[in-house]
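What follows is coords-v8.cif (mmCIF, C-alpha atoms).
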```
data_coords
#
loop_
_atom_site.label_atom_id
_atom_site.label_comp_id
_atom_site.auth_asym_id
_atom_site.auth_seq_id
_atom_site.Cartn_x
_atom_site.Cartn_y
_atom_site.Cartn_z
CA MET A 1 0.00 0.00 0.00
CA PHE A 2 2.79 2.40 0.88
CA ALA A 3 5.30 0.77 -1.46
CA HIS A 4 5.58 3.80 -3.69
CA SER A 5 4.98 6.54 -1.14
CA LYS A 6 8.71 7.18 -0.86
CA GLU A 7 8.98 7.79 -4.59
CA TRP A 8 5.81 9.90 -4.50
CA VAL A 9 7.25 12.25 -1.87
CA GLU A 10 10.67 12.20 -3.51
CA GLU A 11 9.23 13.22 -6.87
CA ARG A 12 7.63 16.28 -5.27
CA LEU A 13 10.15 17.41 -2.68
CA GLY A 14 13.48 15.95 -3.78
CA LEU A 15 14.67 15.33 -0.22
CA ARG A 16 17.13 12.55 -1.06
CA PRO A 17 20.14 14.84 -1.65
CA VAL A 18 19.43 16.57 1.66
CA ALA A 19 19.17 13.25 3.51
CA GLU A 20 22.35 12.03 1.81
CA ARG A 21 24.22 15.14 2.85
CA VAL A 22 23.19 14.53 6.44
CA MET A 23 23.66 10.76 6.54
CA GLU A 24 26.75 10.46 4.33
CA HIS A 25 28.61 13.24 6.05
CA PRO A 26 32.18 11.99 6.43
CA VAL A 27 33.39 11.63 9.99
CA PRO A 28 37.13 12.01 10.50
CA ARG A 29 39.11 8.90 11.37
CA TYR A 30 40.60 10.41 14.49
CA ILE A 31 37.40 10.57 16.55
CA THR A 32 37.21 8.33 19.62
CA TRP A 33 34.52 7.15 22.02
CA LEU A 34 35.32 10.22 24.10
CA HIS A 35 33.70 12.29 21.37
CA CYS A 36 30.31 10.75 22.19
CA PHE A 37 29.57 12.79 25.29
CA GLY A 38 28.08 15.73 23.41
CA GLY A 39 25.74 13.47 21.47
CA LEU A 40 24.83 11.59 24.64
CA THR A 41 23.97 14.88 26.32
CA PHE A 42 21.68 15.71 23.41
CA PHE A 43 20.15 12.24 23.67
CA THR A 44 19.36 12.76 27.37
CA PHE A 45 17.92 16.15 26.46
CA ILE A 46 15.47 14.45 24.09
CA ILE A 47 14.50 12.01 26.87
CA GLN A 48 13.95 14.96 29.21
CA VAL A 49 11.74 16.66 26.62
CA VAL A 50 9.60 13.56 26.07
CA THR A 51 9.15 12.72 29.76
CA GLY A 52 8.73 16.40 30.64
CA ILE A 53 5.95 16.87 28.10
CA ILE A 54 4.13 13.85 29.51
CA MET A 55 4.37 15.23 33.05
CA ALA A 56 3.19 18.65 31.87
CA PHE A 57 -0.18 17.02 31.23
CA PHE A 58 -0.51 16.14 34.92
CA TYR A 59 1.40 18.77 36.89
CA VAL A 60 -0.08 21.88 38.51
CA PRO A 61 2.29 24.71 39.50
CA THR A 62 0.37 25.98 42.52
CA PRO A 63 1.46 25.48 46.15
CA ASP A 64 -1.84 23.87 47.18
CA HIS A 65 -1.83 21.19 44.48
CA ALA A 66 1.73 20.82 43.14
CA HIS A 67 2.84 18.09 45.51
CA GLU A 68 -0.50 16.26 45.40
CA SER A 69 -0.44 16.24 41.60
CA VAL A 70 3.08 14.76 41.58
CA VAL A 71 2.17 12.07 44.12
CA TRP A 72 -1.03 11.35 42.25
CA PHE A 73 0.83 11.10 38.92
CA GLN A 74 3.17 8.55 40.48
CA HIS A 75 0.59 6.28 42.04
CA ALA A 76 -2.49 6.66 39.83
CA ILE A 77 -1.08 6.90 36.31
CA PRO A 78 0.39 3.81 34.62
CA PHE A 79 4.16 4.21 34.15
CA GLY A 80 3.91 7.45 36.14
CA THR A 81 6.69 6.39 38.50
CA ILE A 82 8.87 5.37 35.56
CA VAL A 83 8.28 8.56 33.61
CA ARG A 84 9.02 10.80 36.58
CA ASN A 85 12.08 8.86 37.70
CA VAL A 86 13.49 8.77 34.17
CA HIS A 87 13.12 12.56 34.15
CA ARG A 88 14.72 12.86 37.60
CA LEU A 89 17.66 10.54 36.87
CA GLY A 90 17.97 11.91 33.33
CA ALA A 91 18.49 15.36 34.83
CA SER A 92 21.44 14.10 36.87
CA ALA A 93 22.78 12.14 33.91
CA MET A 94 22.58 15.22 31.71
CA VAL A 95 24.62 17.31 34.14
CA VAL A 96 27.26 14.57 34.42
CA LEU A 97 27.42 14.05 30.65
CA VAL A 98 27.61 17.74 29.85
CA PHE A 99 30.54 18.06 32.28
CA LEU A 100 32.31 15.07 30.70
CA HIS A 101 31.74 16.65 27.28
CA MET A 102 33.24 19.90 28.51
CA LEU A 103 36.15 18.06 30.10
CA ARG A 104 36.86 16.24 26.83
CA VAL A 105 36.83 19.48 24.86
CA PHE A 106 39.09 21.06 27.47
CA VAL A 107 41.59 18.19 27.55
CA HIS A 108 41.69 17.98 23.75
CA ALA A 109 42.08 21.78 23.67
CA ALA A 110 39.32 21.81 21.06
CA TYR A 111 38.21 25.26 22.21
CA ARG A 112 41.13 27.00 20.47
CA LYS A 113 40.89 29.09 17.33
CA PRO A 114 38.67 28.88 15.29
CA ARG A 115 36.26 27.26 17.79
CA GLU A 116 36.20 29.87 20.57
CA LEU A 117 32.63 30.93 19.81
CA ASN A 118 31.38 27.36 20.06
CA TRP A 119 33.04 27.10 23.48
CA VAL A 120 31.23 30.27 24.55
CA VAL A 121 27.87 28.93 23.34
CA GLY A 122 28.68 25.63 25.07
CA VAL A 123 29.30 27.37 28.39
CA GLY A 124 25.95 29.12 27.96
CA LEU A 125 24.31 25.73 27.37
CA LEU A 126 26.03 24.33 30.47
CA LEU A 127 24.60 27.15 32.57
CA MET A 128 21.16 26.50 31.10
CA VAL A 129 21.40 22.81 31.98
CA LEU A 130 22.25 23.80 35.55
CA GLY A 131 19.33 26.26 35.42
CA PHE A 132 17.05 23.39 34.38
CA GLY A 133 18.31 21.40 37.35
CA PHE A 134 17.81 24.26 39.81
CA THR A 135 14.32 25.23 38.61
CA GLY A 136 13.14 21.63 38.21
CA TYR A 137 14.22 20.80 41.74
CA LEU A 138 11.56 23.09 43.23
CA LEU A 139 8.63 21.78 41.20
CA PRO A 140 7.73 18.68 43.33
CA TRP A 141 7.15 21.21 46.16
CA ASP A 142 8.21 18.94 49.00
CA GLN A 143 10.41 19.82 51.97
CA LYS A 144 13.65 19.07 50.12
CA ALA A 145 12.58 21.16 47.14
CA TYR A 146 11.50 24.08 49.30
CA TRP A 147 14.62 24.25 51.46
CA ALA A 148 17.04 23.53 48.63
CA THR A 149 15.58 26.45 46.70
CA ASN A 150 15.66 28.57 49.83
CA VAL A 151 19.38 27.85 50.24
CA GLY A 152 20.03 28.39 46.52
CA LEU A 153 18.31 31.76 46.52
CA ASN A 154 20.16 32.79 49.68
CA ILE A 155 23.41 32.00 47.89
CA VAL A 156 22.27 34.25 45.04
CA ASN A 157 21.55 36.85 47.73
CA THR A 158 25.25 36.99 48.66
CA VAL A 159 26.32 38.27 45.23
CA PRO A 160 27.75 41.79 45.78
CA PHE A 161 25.47 44.74 44.90
CA VAL A 162 22.99 42.97 42.58
CA GLY A 163 22.52 39.78 44.65
CA PRO A 164 19.42 40.81 46.62
CA PHE A 165 17.72 42.13 43.50
CA ILE A 166 18.39 38.96 41.48
CA ALA A 167 17.25 36.77 44.37
CA ASN A 168 14.01 38.78 44.65
CA LEU A 169 13.57 38.60 40.89
CA LEU A 170 13.87 34.81 40.87
CA ARG A 171 11.78 34.49 44.03
CA GLY A 172 9.09 36.87 42.79
CA GLY A 173 9.28 38.92 45.99
CA PRO A 174 10.79 38.74 49.45
CA ALA A 175 9.33 35.35 50.45
CA LEU A 176 9.46 31.96 48.77
CA GLY A 177 5.91 31.06 47.77
CA ALA A 178 3.30 30.76 45.05
CA LEU A 179 5.03 33.17 42.66
CA THR A 180 8.39 31.45 43.12
CA LEU A 181 6.87 28.13 42.09
CA LEU A 182 5.17 29.70 39.09
CA ARG A 183 8.36 31.53 38.04
CA PHE A 184 10.47 28.41 38.28
CA TYR A 185 7.82 26.50 36.36
CA GLY A 186 7.73 29.13 33.61
CA LEU A 187 11.52 29.10 33.35
CA HIS A 188 11.68 25.31 33.42
CA VAL A 189 9.06 24.53 30.78
CA PHE A 190 8.93 27.63 28.55
CA LEU A 191 11.92 29.96 28.65
CA LEU A 192 14.84 27.58 29.21
CA PRO A 193 13.74 25.01 26.60
CA ILE A 194 13.49 27.73 23.94
CA LEU A 195 16.92 29.12 24.86
CA VAL A 196 18.49 25.65 24.94
CA VAL A 197 17.09 24.73 21.53
CA VAL A 198 18.42 27.98 20.04
CA GLY A 199 21.79 27.34 21.71
CA LEU A 200 21.89 23.76 20.44
CA MET A 201 21.17 24.88 16.89
CA LEU A 202 24.06 27.34 17.05
CA HIS A 203 26.28 24.69 18.69
CA PHE A 204 25.51 22.10 16.01
CA ALA A 205 25.70 24.55 13.11
CA MET A 206 29.16 25.65 14.23
CA ILE A 207 30.51 22.12 14.66
CA ARG A 208 29.13 21.27 11.22
CA LYS A 209 30.74 24.32 9.68
CA GLN A 210 34.11 23.99 11.44
CA GLY A 211 34.41 20.23 11.71
CA ILE A 212 35.69 18.24 14.66
CA ALA A 213 39.02 19.51 16.00
CA ARG A 214 42.15 17.58 15.00
CA PRO A 215 43.83 15.72 17.84
CA LEU A 216 46.70 17.42 19.60
CA MET B 1 44.19 -10.51 14.47
CA ALA B 2 45.11 -9.96 10.88
CA LEU B 3 41.42 -9.58 10.18
CA PHE B 4 41.21 -6.48 12.34
CA ARG B 5 44.40 -4.85 11.11
CA ARG B 6 43.37 -5.04 7.50
CA LYS B 7 42.36 -1.77 5.92
CA PRO B 8 38.59 -1.38 5.87
CA GLN B 9 37.10 -2.30 2.58
CA GLN B 10 33.79 -3.33 1.20
CA MET B 11 33.08 -6.95 1.99
CA SER B 12 32.46 -8.99 -1.10
CA LEU B 13 29.53 -11.35 -1.08
CA PRO B 14 27.67 -13.23 -3.78
CA GLY B 15 25.23 -11.01 -5.62
CA MET B 16 27.34 -7.97 -4.96
CA ASN B 17 26.63 -6.44 -8.32
CA ALA B 18 22.94 -7.18 -8.21
CA PRO B 19 20.73 -4.27 -9.26
CA ARG B 20 19.77 -2.05 -6.35
CA GLY B 21 17.17 0.56 -5.62
CA ARG B 22 14.25 0.82 -7.97
CA ALA B 23 15.62 -1.66 -10.49
CA ALA B 24 15.75 -4.39 -7.81
CA LYS B 25 12.03 -4.04 -7.03
CA VAL B 26 9.96 -6.90 -8.38
CA ALA B 27 6.76 -5.95 -10.18
CA ALA B 28 3.76 -5.70 -7.85
CA PRO B 29 1.87 -8.94 -8.75
CA ASP B 30 4.89 -11.21 -8.12
CA ARG B 31 6.03 -9.32 -5.08
CA PRO B 32 7.07 -11.87 -2.42
CA ASN B 33 5.85 -11.40 1.10
CA ALA B 34 7.60 -9.16 3.60
CA LEU B 35 9.56 -11.97 5.29
CA ARG B 36 10.90 -13.20 1.96
CA ARG B 37 11.80 -9.68 0.91
CA LEU B 38 13.63 -9.19 4.22
CA ARG B 39 15.53 -12.45 3.78
CA ARG B 40 16.33 -11.60 0.19
CA SER B 41 17.55 -8.12 1.05
CA LEU B 42 19.67 -9.53 3.87
CA THR B 43 21.24 -12.23 1.70
CA THR B 44 21.49 -10.81 -1.80
CA VAL B 45 22.09 -7.10 -1.32
CA PRO B 46 25.74 -6.86 -0.31
CA MET B 47 26.26 -6.20 3.40
CA THR B 48 28.60 -3.30 3.51
CA ARG B 49 29.89 -1.69 6.67
CA ARG B 50 27.77 1.35 5.87
CA ARG B 51 24.63 -0.69 5.36
CA PHE B 52 25.25 -2.63 8.57
CA LEU B 53 25.73 0.56 10.57
CA ALA B 54 22.68 2.21 9.02
CA GLY B 55 20.57 -0.85 9.84
CA THR B 56 21.90 -1.03 13.39
CA LEU B 57 21.23 2.66 13.87
CA GLY B 58 17.67 2.19 12.63
CA TRP B 59 16.90 -0.79 14.87
CA VAL B 60 18.51 0.77 17.95
CA THR B 61 16.56 3.96 17.34
CA ALA B 62 13.36 1.96 17.00
CA ALA B 63 14.10 0.09 20.24
CA ILE B 64 14.80 3.28 22.19
CA GLY B 65 11.72 4.91 20.68
CA THR B 66 9.60 1.97 21.79
CA ALA B 67 11.11 1.89 25.29
CA LEU B 68 10.49 5.60 25.71
CA GLY B 69 7.28 5.76 23.70
CA ILE B 70 5.25 3.04 25.42
CA PRO B 71 5.42 4.51 28.96
CA ALA B 72 4.93 8.03 27.64
CA LEU B 73 1.96 7.14 25.47
CA ALA B 74 0.38 4.88 28.12
CA ALA B 75 0.65 7.58 30.77
CA TRP B 76 -0.76 10.23 28.46
CA VAL B 77 -3.67 8.10 27.21
CA SER B 78 -4.61 6.49 30.54
CA PRO B 79 -6.93 9.30 31.80
CA ALA B 80 -9.26 8.42 28.92
CA PHE B 81 -10.08 5.22 30.79
CA ARG B 82 -10.80 6.82 34.16
CA LYS B 83 -13.96 5.54 35.81
CA GLN B 84 -16.60 7.72 37.35
CA THR B 85 -15.84 7.84 41.08
CA GLY B 86 -18.13 8.31 44.05
CA GLY B 87 -19.63 5.70 46.33
CA TRP B 88 -22.91 5.61 48.19
CA SER B 89 -24.14 8.84 49.79
CA PRO B 90 -26.89 8.86 52.46
CA ILE B 91 -30.07 10.79 51.62
CA GLY B 92 -32.02 10.21 54.81
CA LYS B 93 -33.63 7.79 57.25
CA LEU B 94 -36.83 6.09 56.14
CA THR B 95 -38.44 6.24 59.59
CA ASP B 96 -38.39 9.09 62.12
CA PRO B 97 -36.36 11.52 60.04
CA GLY B 98 -34.61 14.32 61.90
CA PRO B 99 -35.98 17.86 61.93
CA ASP B 100 -34.07 18.98 58.81
CA GLN B 101 -34.36 15.70 56.94
CA PRO B 102 -36.92 14.89 54.24
CA ASP B 103 -39.90 12.68 55.05
CA LEU B 104 -39.49 9.76 52.65
CA SER B 105 -42.66 7.92 53.70
CA PRO B 106 -45.26 9.29 51.20
CA ILE B 107 -45.67 6.73 48.43
CA GLY B 108 -45.81 7.49 44.72
CA THR B 109 -45.11 11.19 44.88
CA PRO B 110 -41.82 13.03 44.30
CA ILE B 111 -40.08 14.27 47.44
CA GLU B 112 -37.43 16.94 47.26
CA ALA B 113 -34.19 15.86 48.93
CA HIS B 114 -30.45 16.55 49.00
CA PHE B 115 -27.38 14.50 49.61
CA THR B 116 -23.73 15.38 49.97
CA GLN B 117 -21.43 13.67 47.53
CA PHE B 118 -17.69 13.49 48.03
CA VAL B 119 -16.03 13.63 44.63
CA GLN B 120 -12.33 12.82 44.26
CA ASP B 121 -11.15 14.58 41.11
CA ALA B 122 -7.67 13.28 40.23
CA TYR B 123 -5.21 14.99 42.62
CA LEU B 124 -7.90 17.25 44.12
CA GLN B 125 -9.00 16.10 47.55
CA ALA B 126 -12.61 14.97 47.89
CA GLN B 127 -14.83 18.04 47.77
CA PRO B 128 -18.27 17.90 49.36
CA GLN B 129 -20.86 18.65 46.72
CA GLN B 130 -24.56 19.23 47.32
CA VAL B 131 -26.73 17.23 44.95
CA ALA B 132 -30.47 17.98 44.61
CA VAL B 133 -32.72 15.02 43.80
CA TYR B 134 -36.36 13.96 43.66
CA VAL B 135 -37.04 10.72 45.52
CA ILE B 136 -40.11 8.63 44.77
CA ASN B 137 -41.01 5.95 47.32
CA GLU B 138 -42.45 3.15 45.17
CA GLY B 139 -43.95 1.52 48.27
CA ASP B 140 -42.46 -1.96 47.82
CA GLY B 141 -39.04 -1.14 49.26
CA ARG B 142 -37.91 0.28 45.96
CA PHE B 143 -37.09 3.92 45.34
CA THR B 144 -36.61 6.03 42.26
CA ILE B 145 -34.12 8.85 42.56
CA TYR B 146 -34.12 11.48 39.81
CA ASP B 147 -31.21 13.83 39.35
CA ASP B 148 -32.72 17.33 39.54
CA HIS B 149 -31.25 18.42 36.21
CA CYS B 150 -33.16 18.50 32.95
CA THR B 151 -31.68 16.18 30.33
CA HIS B 152 -31.87 19.00 27.81
CA LEU B 153 -29.31 21.51 29.09
CA GLY B 154 -29.03 20.78 32.80
CA CYS B 155 -31.45 23.27 34.38
CA PRO B 156 -33.00 22.21 37.70
CA PHE B 157 -36.69 21.36 37.29
CA SER B 158 -39.49 21.17 39.82
CA TRP B 159 -42.52 18.98 40.54
CA ASN B 160 -45.85 20.41 39.53
CA ALA B 161 -48.32 18.58 41.81
CA ASP B 162 -51.42 20.12 40.15
CA GLU B 163 -50.63 18.73 36.70
CA ASN B 164 -48.74 15.68 37.98
CA GLN B 165 -45.60 16.42 35.97
CA PHE B 166 -42.09 17.81 36.23
CA ASN B 167 -41.63 21.24 34.62
CA CYS B 168 -38.32 22.71 33.61
CA PRO B 169 -38.39 26.52 33.61
CA CYS B 170 -35.64 27.06 31.05
CA HIS B 171 -37.10 25.66 27.82
CA ASN B 172 -40.43 24.19 28.93
CA GLY B 173 -39.26 20.62 29.17
CA VAL B 174 -42.00 18.39 30.66
CA PHE B 175 -41.56 14.93 32.22
CA ASP B 176 -44.09 12.58 33.77
CA LEU B 177 -43.79 10.76 37.09
CA GLN B 178 -41.84 7.92 35.43
CA GLY B 179 -39.41 10.46 33.99
CA ARG B 180 -40.60 10.10 30.40
CA VAL B 181 -40.51 13.19 28.18
CA LEU B 182 -44.00 14.63 27.71
CA GLY B 183 -42.99 17.76 25.83
CA GLY B 184 -40.30 20.26 25.06
CA PRO B 185 -36.73 19.74 23.86
CA PRO B 186 -35.30 17.11 26.29
CA PRO B 187 -33.68 14.30 24.26
CA ARG B 188 -34.19 11.47 26.80
CA PRO B 189 -36.02 10.68 30.05
CA LEU B 190 -34.75 11.90 33.42
CA ASP B 191 -31.42 10.61 34.72
CA HIS B 192 -31.51 8.32 37.77
CA TYR B 193 -29.28 7.60 40.72
CA GLU B 194 -28.84 4.03 41.88
CA PHE B 195 -30.47 3.45 45.27
CA LYS B 196 -29.93 1.13 48.17
CA VAL B 197 -31.44 0.87 51.65
CA GLU B 198 -29.17 -0.12 54.51
CA ASN B 199 -30.12 -0.05 58.22
CA GLY B 200 -33.16 2.04 57.38
CA VAL B 201 -31.19 4.67 55.51
CA LEU B 202 -31.68 5.44 51.82
CA TYR B 203 -28.45 5.87 49.85
CA ALA B 204 -27.85 7.32 46.38
CA GLY B 205 -25.18 5.69 44.21
CA LYS B 206 -23.99 6.25 40.68
CA LEU B 207 -25.81 8.47 38.21
CA PHE B 208 -27.08 6.70 35.11
CA LYS B 209 -29.08 7.48 31.97
CA VAL B 210 -32.10 5.62 30.62
CA ASN B 211 -33.55 5.26 27.12
CA ASP B 212 -37.17 5.85 26.05
CA GLN B 213 -38.12 2.38 27.33
CA LEU B 214 -36.66 3.44 30.74
CA GLN B 215 -33.89 0.87 30.44
CA ARG B 216 -30.52 1.77 31.86
CA ILE B 217 -28.09 2.70 29.07
CA THR B 218 -24.94 3.84 30.90
CA GLN B 219 -22.72 2.29 33.55
#
```
Let me see the structure of the file written as structure tokens.
Amino acid sequence: MFAHSKEWVEERLGLRPVAERVMEHPVPRYITWLHCFGGLTFFTFIIQVVTGIIMAFFYVPTPDHAHESVVWFQHAIPFGTIVRNVHRLGASAMVVLVFLHMLRVFVHAAYRKPRELNWVVGVGLLLMVLGFGFTGYLLPWDQKAYWATNVGLNIVNTVPFVGPFIANLLRGGPALGALTLLRFYGLHVFLLPILVVVGLMLHFAMIRKQGIARPL
Amino acid sequence: MALFRRKPQQMSLPGMNAPRGRAAKVAAPDRPNALRRLRRSLTTVPMTRRRFLAGTLGWVTAAIGTALGIPALAAWVSPAFRKQTGGWSPIGKLTDPGPDQPDLSPIGTPIEAHFTQFVQDAYLQAQPQQVAVYVINEGDGRFTIYDDHCTHLGCPFSWNADENQFNCPCHNGVFDLQGRVLGGPPPRPLDHYEFKVENGVLYAGKLFKVNDQLQRITQ
């Protein structure tokens, strides 16, 4: 039934050369397994997106229902425990992998000319991954989440001059509460994903343009 | 070890120069079944390193997609199969009702009553909800409990004792004592609650719909 659908689409759109350019892209002989960490980080990002979208259908970012909705998702929804724990462990895995990726680039000195800009974008992506971790940690709205965020925001508070303002900005006021949860939720599911996707596109476009750095 | 040190090259297998792509496709009527085509493509099309890697990539991707997709899809779809919740709620005692309780003893006439239903809505804690009903004592230990909402658009209706019918004020829906539609726009007879009597107390259960023959049509 669909035997000729490939030809039908091909005749109209001519995608084969594009696909060939992507799939048949030569990879240099000198890459090693250490070069996989970036791709693995991206892979965990996709897992985080899939599991995160599923949880977005069940989570409520208000102090009176946030924790109940998480508990309910885990015990009443089939695979709820698995989906949430994959997201939770995937978050840790992503931070570890992104650090290993950075370490590899550092040790191979792959950040040198002409790849300085990609290093800068990469550092931005690293900070966003940590931002995902920090904002996501509050969302279950349990004791650990509340106090960890409290400590985190008090650390922000110690930044000279601008610290108190930034802490209040993130907290949505002087006290940790409903607005804090909503702000962290908005950052976690709307703002940060958009920024990360833009950053990834730049990151990938640059590596494609410049190629993988030669070994030392 | 010599095998591994050799420079990579295309493996040579029988049928290496067989036509590929469109030319290799057999005409539709003689097309062998999928299993045969798979076996043929695995044995006659030369297995190059590139083809092996592409196939492995495809299968691994499919496996990961399945492992990730099944839990995600199951979790997302599962609320579609949620059952209506709510157990039995007491309406009132059949004998010596309290001062603010309805007298359920008159037989064959609708009695206005209320009960408090505790509804658990997903993660929301059970919320008490006042439900207005008409109870008819059928006299033989059976009761009919009508939900006090017109089956047209959900307005509360009231019993008109003079004309022996239920009148809905919104669009002039009219029902008889058995709940059948006598006039107006309602599409089906009145909705019922299940009843049970335990220790002299009348309880309302699940809400259900009936068809024109007054047979229950929903769980």
Problem set entry | Matched chain/residue IDs from the PyMOL selection byres ((chain B) within 8 of (chain A)), as JSON, numbers by chain | {"B": [68, 71, 72, 74, 75, 76, 78, 79, 122, 123, 124]}
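The coordinates place CA of Asp147 in chain B at 11.7 Å from CA of Pro110 in chain B.
Those DNA, RNA and protein residues that approach the point (4.0, 26.3, 41.2) to within 7 Å, considering only C-alpha atoms, are Val60, Pro61, Thr62, Pro63, Ala66, Leu139, Ala178, Leu181, Leu182 and Tyr185 of chain A.
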Exercise. Quick one: which residues end up in the PyMOL selection byres ((chain B and resi 157) around 6) for this structure, as a PyMOL selection string?
Worked result: chain B and resi 156+158+167-168
For this session: Return as a PyMOL selection string the set of residues that the PyMOL selection byres ((chain A and resi 103-107) around 12) yields on the displayed structure.
Result: chain A and resi 31-38+96-102+108-112+115-116+118-119+122-123+126+212-216
Now that the selection is made, can you save its residues with C-alpha atoms as a tab-separated table (two decimals), keeping the file's coordinate frame?
```
chain	number	residue	atom	x	y	z
A	31	ILE	CA	37.40	10.57	16.55
A	32	THR	CA	37.21	8.33	19.62
A	33	TRP	CA	34.52	7.15	22.02
A	34	LEU	CA	35.32	10.22	24.10
A	35	HIS	CA	33.70	12.29	21.37
A	36	CYS	CA	30.31	10.75	22.19
A	37	PHE	CA	29.57	12.79	25.29
A	38	GLY	CA	28.08	15.73	23.41
A	96	VAL	CA	27.26	14.57	34.42
A	97	LEU	CA	27.42	14.05	30.65
A	98	VAL	CA	27.61	17.74	29.85
A	99	PHE	CA	30.54	18.06	32.28
A	100	LEU	CA	32.31	15.07	30.70
A	101	HIS	CA	31.74	16.65	27.28
A	102	MET	CA	33.24	19.90	28.51
A	108	HIS	CA	41.69	17.98	23.75
A	109	ALA	CA	42.08	21.78	23.67
A	110	ALA	CA	39.32	21.81	21.06
A	111	TYR	CA	38.21	25.26	22.21
A	112	ARG	CA	41.13	27.00	20.47
A	115	ARG	CA	36.26	27.26	17.79
A	116	GLU	CA	36.20	29.87	20.57
A	118	ASN	CA	31.38	27.36	20.06
A	119	TRP	CA	33.04	27.10	23.48
A	122	GLY	CA	28.68	25.63	25.07
A	123	VAL	CA	29.30	27.37	28.39
A	126	LEU	CA	26.03	24.33	30.47
A	212	ILE	CA	35.69	18.24	14.66
A	213	ALA	CA	39.02	19.51	16.00
A	214	ARG	CA	42.15	17.58	15.00
A	215	PRO	CA	43.83	15.72	17.84
A	216	LEU	CA	46.70	17.42	19.60
```
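Nearest residue to Gln129 in chain B, choosing from B:Thr66, B:Gly141, B:Leu35, B:Thr116 and counting all atoms listed in the file: B:Thr116.
Relative to CA of Val129 in chain A, CA of Tyr30 in chain A is found at 28.8 Å.
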Seminar exercise, completed: Atom pair CA of Val156 in chain A + CA of Val198 in chain A, distance 26.1 Å
Problem set entry | Within-7 Å shell of (18.9, 25.5, 29.4) in input frame, only C-alpha atoms, as a PyMOL selection string | chain A and resi 125+127-129+131-132+192-193+195-196
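Proximity to Leu104 in chain B was assessed for B:His152, B:Arg31, B:Arg180, B:Arg142 counting all atoms listed in the file; the smallest distance is recorded for B:Arg142.
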For this session: Would you mind listing what lies within 12 Å of Val197 in chain A as a ChimeraX atom specification, with only C-alpha atoms counted and same-chain residues fewer than 3 positions away left out?
Result: /A:42,45-46,49,121,124-125,128-129,190-194,200-204
Centre and edges of the range 105-119 of chain B box, axis-aligned, 5 Å extra per side, as JSON:
```
{"center_x": -30.9, "center_y": 11.8, "center_z": 49.0, "size_x": 39.8, "size_y": 20.2, "size_z": 19.4}
```
Problem set entry | For Asn137 in chain B: contacts at 9 Å, all atoms listed in the file, fewer than 5 positions along chain excluded, given as a PyMOL selection string | chain B and resi 104-111+142-145
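The list of residues with at least one atom within 10 Å of Lys93 in chain B, based on all atoms listed in the file and without residues fewer than 4 positions apart in the same chain, reads Pro97, Gly98, Gln101, Pro102, Asp103, Leu104, Ser105, Val197, Glu198, Asn199, Gly200, Val201, Leu202 and Tyr203 of chain B.
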How would range 97-108 of chain A look with N, CA and C atoms restored, written as a PDB file, keeping the file's coordinate frame?
```pdb
ATOM      1  N   LEU A  97      26.961  14.199  32.025  1.00  0.00           N
ATOM      2  CA  LEU A  97      27.420  14.050  30.650  1.00  0.00           C
ATOM      3  C   LEU A  97      27.903  15.372  30.076  1.00  0.00           C
ATOM      4  N   VAL A  98      27.211  16.460  30.411  1.00  0.00           N
ATOM      5  CA  VAL A  98      27.610  17.740  29.850  1.00  0.00           C
ATOM      6  C   VAL A  98      28.963  18.155  30.431  1.00  0.00           C
ATOM      7  N   PHE A  99      29.218  17.762  31.693  1.00  0.00           N
ATOM      8  CA  PHE A  99      30.540  18.060  32.280  1.00  0.00           C
ATOM      9  C   PHE A  99      31.618  17.213  31.619  1.00  0.00           C
ATOM     10  N   LEU A 100      31.321  15.927  31.364  1.00  0.00           N
ATOM     11  CA  LEU A 100      32.310  15.070  30.700  1.00  0.00           C
ATOM     12  C   LEU A 100      32.618  15.607  29.303  1.00  0.00           C
ATOM     13  N   HIS A 101      31.565  16.066  28.612  1.00  0.00           N
ATOM     14  CA  HIS A 101      31.740  16.650  27.280  1.00  0.00           C
ATOM     15  C   HIS A 101      32.670  17.863  27.359  1.00  0.00           C
ATOM     16  N   MET A 102      32.420  18.703  28.340  1.00  0.00           N
ATOM     17  CA  MET A 102      33.240  19.900  28.510  1.00  0.00           C
ATOM     18  C   MET A 102      34.687  19.526  28.851  1.00  0.00           C
ATOM     19  N   LEU A 103      34.815  18.518  29.710  1.00  0.00           N
ATOM     20  CA  LEU A 103      36.150  18.060  30.100  1.00  0.00           C
ATOM     21  C   LEU A 103      36.910  17.540  28.889  1.00  0.00           C
ATOM     22  N   ARG A 104      36.235  16.790  28.042  1.00  0.00           N
ATOM     23  CA  ARG A 104      36.860  16.240  26.830  1.00  0.00           C
ATOM     24  C   ARG A 104      37.336  17.375  25.932  1.00  0.00           C
ATOM     25  N   VAL A 105      36.459  18.353  25.731  1.00  0.00           N
ATOM     26  CA  VAL A 105      36.830  19.480  24.860  1.00  0.00           C
ATOM     27  C   VAL A 105      38.014  20.227  25.461  1.00  0.00           C
ATOM     28  N   PHE A 106      38.001  20.348  26.779  1.00  0.00           N
ATOM     29  CA  PHE A 106      39.090  21.060  27.470  1.00  0.00           C
ATOM     30  C   PHE A 106      40.407  20.304  27.318  1.00  0.00           C
ATOM     31  N   VAL A 107      40.359  18.988  27.593  1.00  0.00           N
ATOM     32  CA  VAL A 107      41.590  18.190  27.550  1.00  0.00           C
ATOM     33  C   VAL A 107      42.137  18.110  26.125  1.00  0.00           C
ATOM     34  N   HIS A 108      41.246  18.007  25.154  1.00  0.00           N
ATOM     35  CA  HIS A 108      41.690  17.980  23.750  1.00  0.00           C
ATOM     36  C   HIS A 108      42.027  19.373  23.227  1.00  0.00           C
TER      37      HIS A 108
END
```
